[in-house]
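**Q** For reference, this is input09.txt, and it has compact mmCIF, C-alpha atoms and all ligand atoms.
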# COMPACT_ATOMS: atom_id res chain seq x y z
CA MET A 1 133.88 128.81 51.20
CA GLU A 2 133.20 128.44 47.49
CA ALA A 3 132.41 124.77 47.90
CA PHE A 4 129.84 125.68 50.50
CA ALA A 5 128.35 128.35 48.30
CA SER A 6 127.96 125.99 45.34
CA THR A 7 126.44 123.27 47.55
CA ALA A 8 123.97 125.79 48.86
CA GLN A 9 122.94 126.62 45.30
CA VAL A 10 122.11 123.05 44.31
CA THR A 11 120.36 122.19 47.60
CA ALA A 12 116.63 122.51 47.32
CA PRO A 13 115.03 124.86 49.82
CA PRO A 14 113.60 122.99 52.82
CA PRO A 15 109.94 122.14 52.43
CA ALA A 16 107.62 124.50 54.23
CA PRO A 17 106.37 123.06 57.53
CA PRO A 18 102.92 121.55 57.09
CA ILE A 19 100.15 123.84 58.17
CA PRO A 20 98.49 122.16 61.14
CA SER A 21 95.01 121.04 60.25
CA ALA A 22 92.20 121.35 62.74
CA ALA A 23 93.91 119.00 65.20
CA PRO A 24 92.02 118.36 68.40
CA PRO A 25 93.39 120.35 71.36
CA PRO A 26 95.82 118.39 73.54
CA TYR A 27 94.13 116.33 76.21
CA THR A 28 94.40 117.72 79.72
CA MET A 29 93.64 115.76 82.86
CA LYS A 30 91.00 117.10 85.21
CA GLU A 31 93.25 116.54 88.20
CA SER A 32 96.78 115.38 88.78
CA VAL A 33 97.72 112.34 90.81
CA ALA A 34 98.90 114.63 93.62
CA GLU A 35 95.47 116.28 93.72
CA MET A 36 93.79 112.90 93.59
CA ASP A 37 95.94 111.65 96.46
CA ALA A 38 95.12 114.71 98.54
CA ARG A 39 91.43 114.02 97.92
CA LEU A 40 91.77 110.31 98.77
CA VAL A 41 93.44 111.12 102.07
CA ILE A 42 90.82 113.71 102.95
CA CYS A 43 88.10 111.16 102.19
CA ASP A 44 89.76 108.42 104.21
CA PRO A 45 89.31 109.30 107.90
CA ASP A 46 91.58 106.42 108.91
CA ALA A 47 94.55 107.70 106.94
CA PRO A 48 97.08 109.04 109.42
CA PRO A 49 98.04 112.58 108.37
CA VAL A 50 101.81 112.08 108.52
CA SER A 51 101.66 108.93 106.47
CA GLY A 52 99.38 110.60 103.94
CA ALA A 53 99.72 110.02 100.27
CA GLY A 54 101.79 112.54 98.41
CA VAL A 55 104.18 112.98 101.31
CA THR A 56 107.57 111.58 100.63
CA GLY A 57 111.15 112.23 101.68
CA ILE A 58 114.04 110.58 103.45
CA PHE A 59 113.42 112.44 106.72
CA ALA A 60 110.02 110.86 107.37
CA PRO A 61 110.91 107.14 107.54
CA GLU A 62 108.19 104.55 108.13
CA SER A 63 110.27 101.38 107.86
CA PRO A 64 113.39 100.04 109.66
CA PRO A 65 115.89 100.43 106.77
CA SER A 66 114.84 103.98 105.96
CA ARG A 67 114.95 104.88 109.67
CA GLN A 68 118.51 103.57 109.96
CA ILE A 69 119.53 105.51 106.86
CA ARG A 70 117.98 108.68 108.32
CA ASP A 71 119.73 108.16 111.69
CA LEU A 72 123.07 107.56 110.01
CA SER A 73 122.70 110.67 107.87
CA TYR A 74 121.91 112.75 110.98
CA LEU A 75 125.05 111.41 112.68
CA VAL A 76 127.26 112.11 109.64
CA PHE A 77 125.71 115.55 109.25
CA GLY A 78 126.23 116.30 112.97
CA ILE A 79 129.90 115.29 112.87
CA CYS A 80 130.43 117.36 109.73
CA ILE A 81 128.85 120.40 111.40
CA VAL A 82 131.24 120.07 114.37
CA ILE A 83 134.23 119.77 111.99
CA PHE A 84 133.00 122.78 110.03
CA VAL A 85 132.55 124.93 113.15
CA VAL A 86 135.98 123.98 114.59
CA VAL A 87 137.86 124.53 111.30
CA GLN A 88 136.08 127.81 110.54
CA GLY A 89 136.64 128.87 114.17
CA PHE A 90 140.42 128.40 113.84
CA LEU A 91 140.33 130.27 110.54
CA VAL A 92 138.49 133.27 112.01
CA VAL A 93 140.85 133.39 115.03
CA ALA A 94 143.86 133.27 112.67
CA ILE A 95 142.48 136.09 110.53
CA PHE A 96 141.84 138.39 113.50
CA ARG A 97 145.21 137.62 115.09
CA GLY A 98 146.91 138.33 111.77
CA ILE A 99 145.12 141.66 111.39
CA ARG A 100 146.03 142.66 114.95
CA ALA A 101 149.70 141.62 114.54
CA ARG A 102 149.97 143.63 111.35
CA ARG A 103 148.43 146.69 113.03
CA VAL A 104 150.86 146.42 115.96
CA ALA A 105 153.82 145.95 113.62
CA SER A 106 152.84 148.98 111.55
CA ARG A 107 153.19 151.45 114.45
CA PRO A 108 156.27 153.71 113.88
CA ASP A 109 157.94 152.82 117.17
CA SER A 110 157.07 149.09 117.05
CA GLU A 111 159.74 146.42 116.95
CA ALA A 112 157.19 143.55 116.63
CA SER A 113 156.94 141.59 113.39
CA ALA A 114 153.68 140.98 111.49
CA GLU A 115 154.94 137.47 110.73
CA PRO A 116 153.35 134.92 113.10
CA VAL A 117 155.41 132.46 115.08
CA GLN A 118 156.63 129.74 112.72
CA ILE A 119 156.26 126.21 114.03
CA TYR A 120 157.96 123.25 112.35
CA GLY A 121 157.65 119.62 113.33
CA SER A 122 155.57 120.00 116.48
CA ILE A 123 154.95 116.46 117.62
CA PRO A 124 151.81 117.25 119.72
CA ILE A 125 150.18 119.07 116.77
CA GLU A 126 151.11 116.32 114.32
CA ILE A 127 149.65 113.71 116.65
CA ALA A 128 146.47 115.73 117.21
CA TRP A 129 145.65 116.22 113.56
CA THR A 130 146.42 112.63 112.70
CA VAL A 131 144.66 110.94 115.58
CA ILE A 132 141.45 113.01 115.71
CA PRO A 133 140.52 112.58 112.00
CA SER A 134 141.46 108.89 112.23
CA ILE A 135 139.04 108.45 115.12
CA ILE A 136 136.31 110.28 113.20
CA VAL A 137 136.83 108.14 110.10
CA PHE A 138 136.91 105.01 112.24
CA VAL A 139 133.61 105.90 113.97
CA LEU A 140 131.91 106.72 110.64
CA THR A 141 133.19 103.47 109.12
CA MET A 142 131.93 101.37 112.01
CA VAL A 143 128.44 102.90 112.11
CA THR A 144 128.18 102.63 108.31
CA ILE A 145 129.16 98.95 108.43
CA ARG A 146 126.60 98.36 111.18
CA THR A 147 123.87 100.07 109.12
CA LEU A 148 124.83 98.15 105.98
CA ARG A 149 124.81 94.88 107.90
CA ASP A 150 121.20 95.54 108.89
CA ILE A 151 119.82 96.85 105.61
CA ASP A 152 121.96 95.26 102.89
CA ILE A 153 121.26 91.67 103.87
CA THR A 154 121.66 88.60 101.65
CA THR A 155 119.07 86.33 103.23
CA PRO A 156 115.38 87.12 103.66
CA PRO A 157 114.36 88.53 107.05
CA GLU A 158 112.37 86.25 109.34
CA ASN A 159 108.68 85.90 108.48
CA SER A 160 109.18 87.88 105.28
CA MET A 161 107.06 87.78 102.15
CA GLU A 162 108.77 87.69 98.77
CA VAL A 163 107.67 90.09 96.07
CA VAL A 164 109.35 90.38 92.67
CA ALA A 165 109.72 93.83 91.12
CA ILE A 166 110.65 94.00 87.45
CA GLY A 167 111.63 97.32 85.91
CA HIS A 168 110.41 98.07 82.39
CA GLN A 169 110.73 101.18 80.25
CA TRP A 170 108.77 102.93 81.91
CA TRP A 171 106.68 101.05 84.40
CA TRP A 172 106.90 98.50 87.19
CA GLU A 173 105.75 94.93 87.24
CA PHE A 174 105.07 93.33 90.64
CA ARG A 175 104.75 89.59 91.10
CA TYR A 176 103.59 87.80 94.22
CA PRO A 177 104.73 84.17 94.03
CA GLY A 178 102.71 81.76 96.12
CA PRO A 179 101.50 78.18 96.36
CA ASP A 180 98.09 79.20 94.96
CA GLY A 181 99.61 80.69 91.83
CA GLU A 182 101.40 83.88 91.03
CA VAL A 183 99.66 87.24 91.19
CA ILE A 184 100.94 89.77 88.66
CA THR A 185 100.15 93.45 88.83
CA ALA A 186 101.73 96.73 87.81
CA ASN A 187 102.85 100.03 89.28
CA GLU A 188 100.82 99.77 92.50
CA MET A 189 102.33 97.42 95.02
CA HIS A 190 100.30 96.25 97.99
CA VAL A 191 102.02 95.03 101.15
CA PRO A 192 100.80 94.07 104.62
CA VAL A 193 101.71 96.47 107.44
CA GLY A 194 104.39 95.19 109.80
CA ARG A 195 105.58 92.26 107.70
CA PRO A 196 109.05 92.40 106.14
CA ILE A 197 108.93 92.44 102.35
CA TRP A 198 111.81 90.65 100.68
CA LEU A 199 111.95 92.37 97.32
CA ARG A 200 113.63 90.63 94.42
CA LEU A 201 114.66 93.17 91.78
CA GLU A 202 115.01 92.39 88.09
CA SER A 203 114.96 94.35 84.86
CA ALA A 204 113.42 93.62 81.49
CA ASP A 205 115.53 96.13 79.56
CA VAL A 206 117.88 98.74 81.04
CA ILE A 207 119.06 99.62 84.55
CA HIS A 208 116.37 101.09 86.79
CA SER A 209 116.44 101.80 90.51
CA PHE A 210 113.72 101.08 93.06
CA TRP A 211 113.37 103.94 95.52
CA VAL A 212 110.55 104.54 97.96
CA PRO A 213 112.30 107.00 100.30
CA ARG A 214 110.09 106.43 103.34
CA LEU A 215 110.52 102.67 103.19
CA ALA A 216 114.06 101.87 102.04
CA GLY A 217 117.15 103.12 100.26
CA LYS A 218 117.73 102.88 96.54
CA MET A 219 118.53 99.56 94.92
CA ASP A 220 119.26 99.02 91.23
CA LEU A 221 117.38 96.66 88.92
CA ILE A 222 119.96 95.30 86.49
CA PRO A 223 119.33 93.21 83.36
CA GLY A 224 120.65 89.69 83.87
CA HIS A 225 121.44 90.24 87.53
CA THR A 226 119.17 89.85 90.54
CA ASN A 227 119.34 92.26 93.46
CA TYR A 228 117.44 92.11 96.71
CA THR A 229 116.28 94.71 99.17
CA TRP A 230 113.79 94.73 102.01
CA PHE A 231 111.47 96.99 103.98
CA SER A 232 108.63 96.70 106.44
CA ALA A 233 105.97 99.40 106.52
CA ASP A 234 105.29 100.56 110.08
CA ARG A 235 101.80 101.77 109.33
CA LYS A 236 98.96 101.89 106.89
CA GLY A 237 99.33 104.40 104.10
CA ILE A 238 100.40 105.06 100.55
CA PHE A 239 104.12 105.48 100.10
CA LEU A 240 105.29 107.09 96.90
CA GLY A 241 108.50 106.34 95.12
CA GLN A 242 110.14 106.59 91.76
CA CYS A 243 112.76 105.12 89.52
CA ALA A 244 116.07 106.60 90.68
CA GLU A 245 118.34 105.67 87.77
CA TYR A 246 118.03 107.50 84.47
CA CYS A 247 116.50 104.96 82.09
CA GLY A 248 115.26 106.96 79.11
CA THR A 249 112.68 109.49 78.02
CA GLN A 250 110.01 108.73 80.61
CA HIS A 251 112.31 107.99 83.56
CA ALA A 252 110.71 110.85 85.50
CA HIS A 253 107.27 109.30 85.09
CA MET A 254 108.26 105.85 86.26
CA LEU A 255 106.53 106.25 89.60
CA ILE A 256 105.91 103.67 92.30
CA ARG A 257 102.95 103.50 94.68
CA VAL A 258 103.26 101.22 97.69
CA TYR A 259 99.97 100.62 99.50
CA ALA A 260 100.58 99.37 103.04
CA ASP A 261 97.34 97.65 104.06
CA GLU A 262 96.27 96.03 107.31
CA PRO A 263 97.11 92.29 106.98
CA ALA A 264 93.44 91.28 106.53
CA GLU A 265 92.92 93.96 103.86
CA PHE A 266 96.06 92.79 102.12
CA GLU A 267 94.85 89.17 102.04
CA THR A 268 91.53 90.34 100.60
CA TRP A 269 93.38 92.30 97.94
CA LEU A 270 95.63 89.36 97.07
CA ASP A 271 92.67 86.94 96.85
CA HIS A 272 90.87 89.37 94.60
CA GLN A 273 93.88 89.74 92.30
CA ARG A 274 94.04 85.97 92.01
CA LYS A 275 90.50 85.81 90.61
CA PRO A 276 90.03 85.55 86.84
CA ALA A 277 89.13 88.65 84.91
CA VAL A 278 85.53 89.84 85.08
CA VAL A 279 83.49 88.76 82.05
CA ASP A 280 80.64 91.19 81.53
CA ALA A 281 78.44 90.47 78.50
CA SER A 282 77.44 94.13 78.22
CA VAL A 283 80.98 95.06 77.14
CA ASP A 284 81.51 92.20 74.68
CA ALA A 285 82.12 94.69 71.89
CA GLY A 286 85.07 96.16 73.78
CA ARG A 287 86.49 92.74 74.55
CA ARG A 288 86.37 91.98 70.83
CA VAL A 289 88.22 95.21 70.03
CA PHE A 290 90.89 94.25 72.56
CA ALA A 291 91.20 90.75 71.10
CA GLU A 292 91.19 91.83 67.45
CA TYR A 293 93.78 94.60 67.67
CA ALA A 294 97.39 94.52 68.79
CA CYS A 295 96.44 95.07 72.47
CA LEU A 296 96.68 91.36 73.18
CA ASN A 297 100.27 91.11 71.92
CA CYS A 298 101.51 93.25 74.81
CA HIS A 299 98.99 92.87 77.63
CA THR A 300 97.77 89.91 79.62
CA ILE A 301 94.14 89.66 80.60
CA ASP A 302 93.66 86.27 82.24
CA GLY A 303 91.49 84.12 80.00
CA LEU A 304 91.85 86.39 76.99
CA SER A 305 95.48 87.20 76.18
CA ASP A 306 98.98 86.55 77.42
CA GLY A 307 101.15 89.42 76.16
CA MET A 308 104.03 90.23 78.48
CA PHE A 309 105.46 93.44 77.09
CA GLY A 310 103.06 95.80 78.86
CA PRO A 311 101.32 95.79 82.23
CA ASN A 312 98.97 92.95 83.15
CA LEU A 313 95.44 94.35 82.85
CA THR A 314 93.45 91.52 84.45
CA HIS A 315 92.43 93.77 87.35
CA LEU A 316 93.25 97.14 85.83
CA ALA A 317 90.20 98.89 87.24
CA SER A 318 91.19 97.97 90.80
CA ARG A 319 94.08 100.44 90.54
CA ASP A 320 94.04 104.17 91.24
CA THR A 321 96.36 105.17 88.41
CA ILE A 322 97.57 104.35 84.92
CA GLY A 323 100.78 105.27 83.08
CA SER A 324 102.98 104.12 86.00
CA GLY A 325 101.43 106.16 88.76
CA PHE A 326 101.13 109.55 87.19
CA ILE A 327 97.66 109.57 85.62
CA PRO A 328 94.56 109.06 87.80
CA LEU A 329 92.50 106.15 86.47
CA ASP A 330 89.12 107.34 85.32
CA ARG A 331 87.19 106.71 82.12
CA ASP A 332 88.22 109.97 80.41
CA ASN A 333 91.90 109.54 81.18
CA LEU A 334 91.89 105.89 80.15
CA ARG A 335 90.13 106.70 76.87
CA ALA A 336 92.65 109.47 76.11
CA TRP A 337 95.50 107.12 77.01
CA ILE A 338 94.32 104.36 74.65
CA ASP A 339 93.63 106.93 71.92
CA ASP A 340 97.23 108.17 71.99
CA PRO A 341 99.48 107.24 74.93
CA ASN A 342 102.21 109.49 73.58
CA GLN A 343 100.06 112.53 74.09
CA LEU A 344 100.03 111.91 77.85
CA LYS A 345 103.45 110.27 78.17
CA PRO A 346 105.60 111.33 75.19
CA GLY A 347 108.10 108.65 74.23
CA CYS A 348 106.27 105.78 75.89
CA ASN A 349 106.39 102.45 74.10
CA MET A 350 102.64 101.94 73.70
CA PRO A 351 101.58 103.05 70.24
CA SER A 352 98.32 104.65 69.25
CA LEU A 353 96.24 102.03 67.45
CA LYS A 354 94.21 104.76 65.72
CA LEU A 355 90.92 103.29 66.88
CA ASP A 356 87.83 105.08 65.67
CA PRO A 357 85.65 106.69 68.38
CA PRO A 358 83.12 103.82 68.75
CA GLU A 359 85.94 101.26 69.10
CA LEU A 360 87.71 103.53 71.56
CA ASP A 361 84.58 103.86 73.68
CA ALA A 362 83.94 100.13 73.56
CA VAL A 363 87.43 99.09 74.62
CA THR A 364 87.52 101.76 77.34
CA ASP A 365 84.20 100.55 78.74
CA TYR A 366 85.47 96.98 78.67
CA LEU A 367 88.70 97.81 80.51
CA MET A 368 86.78 99.85 83.11
CA THR A 369 84.89 96.65 84.07
CA LEU A 370 88.12 94.80 84.95
CA HIS A 371 87.94 95.26 88.71
CU1 LIG B 1 113.43 103.42 85.19
CU2 LIG B 1 114.52 105.48 85.50
Could you express the structure from this file as structure tokens?

**A**
Amino acid sequence: MEAFASTAQVTAPPPAPPIPSAAPPPYTMKESVAEMDARLVICDPDAPPVSGAGVTGIFAPESPPSRQIRDLSYLVFGICIVIFVVVQGFLVVAIFRGIRARRVASRPDSEASAEPVQIYGSIPIEIAWTVIPSIIVFVLTMVTIRTLRDIDITTPPENSMEVVAIGHQWWWEFRYPGPDGEVITANEMHVPVGRPIWLRLESADVIHSFWVPRLAGKMDLIPGHTNYTWFSADRKGIFLGQCAEYCGTQHAHMLIRVYADEPAEFETWLDHQRKPAVVDASVDAGRRVFAEYACLNCHTIDGLSDGMFGPNLTHLASRDTIGSGFIPLDRDNLRAWIDDPNQLKPGCNMPSLKLDPPELDAVTDYLMTLH
């Protein structure tokens, strides 16, 4: 105690917390991604209501693997309900019979006992409660194996298209290998409706998990190990997903957007992504800011930089969102993001470069031209 007291005497008092200067108020987005999605769906008359953006969940499958997972879970749930009802039924019967036996035994002239009939070593009962659970376990095992055989395959499905998904803290990189060169994008994955997607899963840092509930089950992305999964979107729509393995501060904002397009739309999208970045002389000042600051160490813009640490920005403005699917992409949000990413996504690995307002405006305008 005395030692503590003397230490306390020599320790200087903690410095007073700095009085906050006139800091700008925290940036708030005009609308959330969920609100933006609701608006997009309302504006798109072709968007089927069930498959609308913002709707997610394992009970609304739109792809063969997720449908099989849903069907299996219904079967398991159904069997469990039957077991529950039967077991609870026996319990209730036993309770009421016990109460009645005790009441009968408590009458003054009764010779009955409250103790129920004691049964030891009844072969029929032993057989019943061994065989019935064994059959249940056997059935569940067989249907699970059948489901796994269909969804956890080791070779690509027929006519499939390979896409590579790489997990990063805290965003997704998508690569489309092809004979005409590789297309690299981030966070928003486009796929053609009806064609199986053979998804190769890798990680750049820690373990993540790819999960788009309406399309497929979860599959981990593990550093130094390649996993595969597959899905095939039944219809056009935006399917939302998220990282499903805790991977650090911004795990909850590591969102996935899968755009299932009609095959022709998808080809148009892919061709567009393959084009070099737009060069617009009116935003030269912004391009210079990008090239003179640290931006280019982390981001690729075809023809300008080849950083690999952050998302490829060659066609940034063709996306609906930034910050891995949780900030709608518009000029204000993008400017606020570049100004200080940690204000919108605390803990994220992109630093604030402390650009002054003219530089910030210039680089924002430049990036907004990258369609
Ligand atoms: Cu990536 Cu959680």

**Q** Ranking A:His208, A:His251, A:His371, A:His168 by minimum distance to Val278 of chain A and counting only C-alpha atoms, which one comes first?

**A**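 Of all the options, A:His371 lies closest to Val278 of chain A.
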
**Q** To one decimal in Å, tell me the separation between atom CA of Ser203 of chain A and atom CA of Ala244 of chain A.

**A** 13.6 Å

**Q** Using only C-alpha atoms and all ligand atoms, find each protein or nucleic acid residue lying at most 7 Å from ligand LIG 1 (chain B); present the set as a list in words.

**A**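 These are the residues that qualify: Gly167, His168, Gln169, Trp170, Ile207, His208, Ser209, Cys243, Ala244, Glu245, Tyr246, Cys247, Gly248, His251, Ala252 and Met254 of chain A.
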
**Q** Show which residues sit within 9 Å of His253 of chain A, as a PyMOL selection string. Count only C-alpha atoms, and ignore same-chain residues fewer than 4 positions away.

**A** chain A and resi 170-171+242-243+249+323-326+345

**Q** Take the residues that were just selected and, keeping C-alpha atoms, output them as a compact mmCIF listing (two decimals), in the coordinates of the input.

**A**
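The resulting selection-v4.txt:
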# COMPACT_ATOMS: atom_id res chain seq x y z
CA TRP A 170 108.77 102.93 81.91
CA TRP A 171 106.68 101.05 84.40
CA GLN A 242 110.14 106.59 91.76
CA CYS A 243 112.76 105.12 89.52
CA THR A 249 112.68 109.49 78.02
CA GLY A 323 100.78 105.27 83.08
CA SER A 324 102.98 104.12 86.00
CA GLY A 325 101.43 106.16 88.76
CA PHE A 326 101.13 109.55 87.19
CA LYS A 345 103.45 110.27 78.17

**Q** If you measure from atom CA of Gly194 of chain A to atom CA of Met161 of chain A, what distance in Å do you get, rounded to one decimal?

**A** 11.0 Å

**Q** Can you tell me how far atom CA of Glu182 of chain A sits from atom CA of Thr300 of chain A, in Å to one decimal?

**A** 13.4 Å

**Q** Can you find the residues with an atom no farther than 10 Å from (110.4, 103.7, 113.1), counting all atoms listed in the file, and report them as a PyMOL selection string?

**A** chain A and resi 60-68+215+232-235

**Q** Any idea what's packed within 8 Å of segment 74-78 of chain A, counting only C-alpha atoms, ignoring anything in its chain fewer than 4 positions away? Could you give it as an MDAnalysis selection string?

**A** chainID A and resid 70 82 140

**Q** My list of candidates is A:Asn349, A:Gln88, A:Gln343, A:Asn227. Which is closest to Phe309 of chain A when distances are computed with only C-alpha atoms?

**A**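 Ranked by minimum distance to Phe309 of chain A, first place goes to A:Asn349.
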
**Q** Which is closest to Pro328 of chain A among A:Lys236, A:Arg146, A:Asp361, A:Leu344, if we use all atoms listed in the file?

**A**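 Among A:Lys236, A:Arg146, A:Asp361, A:Leu344, it is A:Leu344 that comes nearest to Pro328 of chain A.
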
**Q** Starting from the point (117.3, 96.5, 94.3), work out which residues of protein, DNA or RNA have an atom no more than 6 Å away when counting all atoms listed in the file; state them as a list in words.

**A** Leu201, Phe210, Met219, Asp220, Leu221, Asn227, Tyr228 and Thr229 of chain A

**Q** Next, the residues of the selection above should be written as an mmCIF file, keeping the file's coordinate frame with C-alpha atoms.

**A**
data_model
loop_
_atom_site.group_PDB
_atom_site.id
_atom_site.type_symbol
_atom_site.label_atom_id
_atom_site.label_comp_id
_atom_site.auth_asym_id
_atom_site.auth_seq_id
_atom_site.Cartn_x
_atom_site.Cartn_y
_atom_site.Cartn_z
ATOM 1 C CA LEU A 201 114.660 93.170 91.780
ATOM 2 C CA PHE A 210 113.720 101.080 93.060
ATOM 3 C CA MET A 219 118.530 99.560 94.920
ATOM 4 C CA ASP A 220 119.260 99.020 91.230
ATOM 5 C CA LEU A 221 117.380 96.660 88.920
ATOM 6 C CA ASN A 227 119.340 92.260 93.460
ATOM 7 C CA TYR A 228 117.440 92.110 96.710
ATOM 8 C CA THR A 229 116.280 94.710 99.170
#

**Q** Write out as number ranges by chain each polymer residue whose atoms come within 12 Å of Pro358 of chain A, counting all atoms listed in the file; drop sequence neighbours fewer than 2 positions from it.

**A** A: 285-286, 289, 335, 339, 354-356, 360-365

**Q** From the list A:Asp150, A:Arg274, A:Glu111, A:Ile301, which residue is nearest Pro179 of chain A when using only C-alpha atoms?

**A** A:Arg274

**Q** Could you name the residues that touch segment 172-177 of chain A at 8 Å or less, counting only C-alpha atoms, but leaving out those on the same chain fewer than 4 positions away, as a ChimeraX atom specification?

**A** /A:162-168,181-189,254,256,311,324

**Q** Output C-alpha atoms of each residue in that selection to a file, as a compact mmCIF listing (two decimals), in the frame of the given file.

**A**
# COMPACT_ATOMS: atom_id res chain seq x y z
CA GLU A 162 108.77 87.69 98.77
CA VAL A 163 107.67 90.09 96.07
CA VAL A 164 109.35 90.38 92.67
CA ALA A 165 109.72 93.83 91.12
CA ILE A 166 110.65 94.00 87.45
CA GLY A 167 111.63 97.32 85.91
CA HIS A 168 110.41 98.07 82.39
CA GLY A 181 99.61 80.69 91.83
CA GLU A 182 101.40 83.88 91.03
CA VAL A 183 99.66 87.24 91.19
CA ILE A 184 100.94 89.77 88.66
CA THR A 185 100.15 93.45 88.83
CA ALA A 186 101.73 96.73 87.81
CA ASN A 187 102.85 100.03 89.28
CA GLU A 188 100.82 99.77 92.50
CA MET A 189 102.33 97.42 95.02
CA MET A 254 108.26 105.85 86.26
CA ILE A 256 105.91 103.67 92.30
CA PRO A 311 101.32 95.79 82.23
CA SER A 324 102.98 104.12 86.00

**Q** Give the padded box for segment 199-204 of chain A as AutoDock Vina command-line options: axis-aligned, covering all atoms listed in the file, 6 Å on each side, centre and edge lengths in Å to one decimal.

**A**
--center_x 113.5 --center_y 92.5 --center_z 89.4 --size_x 15.1 --size_y 15.7 --size_z 27.8

**Q** So, with only C-alpha atoms as the atoms that count, which of A:Ile58, A:Ala114, A:Val92, A:Ile145 lies closest to Trp211 of chain A?

**A**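 So, comparing all the options, the nearest one is A:Ile58.
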
**Q** Would you kindly place N, CA and C atoms on segment 231-243 of chain A and return the model as a PDB file, in the frame of the given file?

**A**
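Now in part.pdb:
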ATOM      1  N   PHE A 231     112.042  95.937 103.126  1.00  0.00           N
ATOM      2  CA  PHE A 231     111.470  96.990 103.980  1.00  0.00           C
ATOM      3  C   PHE A 231     110.294  96.393 104.728  1.00  0.00           C
ATOM      4  N   SER A 232     109.793  97.147 105.667  1.00  0.00           N
ATOM      5  CA  SER A 232     108.630  96.700 106.440  1.00  0.00           C
ATOM      6  C   SER A 232     107.872  97.953 106.851  1.00  0.00           C
ATOM      7  N   ALA A 233     106.709  98.169 106.257  1.00  0.00           N
ATOM      8  CA  ALA A 233     105.970  99.400 106.520  1.00  0.00           C
ATOM      9  C   ALA A 233     105.449  99.392 107.964  1.00  0.00           C
ATOM     10  N   ASP A 234     105.712 100.469 108.689  1.00  0.00           N
ATOM     11  CA  ASP A 234     105.290 100.560 110.080  1.00  0.00           C
ATOM     12  C   ASP A 234     103.789 100.787 110.212  1.00  0.00           C
ATOM     13  N   ARG A 235     103.221 101.442 109.211  1.00  0.00           N
ATOM     14  CA  ARG A 235     101.800 101.770 109.330  1.00  0.00           C
ATOM     15  C   ARG A 235     101.122 101.816 107.981  1.00  0.00           C
ATOM     16  N   LYS A 236      99.800 101.833 108.082  1.00  0.00           N
ATOM     17  CA  LYS A 236      98.960 101.890 106.890  1.00  0.00           C
ATOM     18  C   LYS A 236      99.187 103.213 106.156  1.00  0.00           C
ATOM     19  N   GLY A 237      99.172 103.158 104.853  1.00  0.00           N
ATOM     20  CA  GLY A 237      99.330 104.400 104.100  1.00  0.00           C
ATOM     21  C   GLY A 237      99.791 104.123 102.689  1.00  0.00           C
ATOM     22  N   ILE A 238      99.860 105.189 101.904  1.00  0.00           N
ATOM     23  CA  ILE A 238     100.400 105.060 100.550  1.00  0.00           C
ATOM     24  C   ILE A 238     101.776 105.701 100.562  1.00  0.00           C
ATOM     25  N   PHE A 239     102.757 104.963 100.126  1.00  0.00           N
ATOM     26  CA  PHE A 239     104.120 105.480 100.100  1.00  0.00           C
ATOM     27  C   PHE A 239     104.565 105.617  98.656  1.00  0.00           C
ATOM     28  N   LEU A 240     104.955 106.817  98.298  1.00  0.00           N
ATOM     29  CA  LEU A 240     105.290 107.090  96.900  1.00  0.00           C
ATOM     30  C   LEU A 240     106.783 106.939  96.668  1.00  0.00           C
ATOM     31  N   GLY A 241     107.100 106.478  95.483  1.00  0.00           N
ATOM     32  CA  GLY A 241     108.500 106.340  95.120  1.00  0.00           C
ATOM     33  C   GLY A 241     108.673 106.563  93.644  1.00  0.00           C
ATOM     34  N   GLN A 242     109.875 106.369  93.171  1.00  0.00           N
ATOM     35  CA  GLN A 242     110.140 106.590  91.760  1.00  0.00           C
ATOM     36  C   GLN A 242     111.385 105.838  91.351  1.00  0.00           C
ATOM     37  N   CYS A 243     111.530 105.679  90.045  1.00  0.00           N
ATOM     38  CA  CYS A 243     112.760 105.120  89.520  1.00  0.00           C
ATOM     39  C   CYS A 243     113.868 106.136  89.778  1.00  0.00           C
TER      40      CYS A 243
END
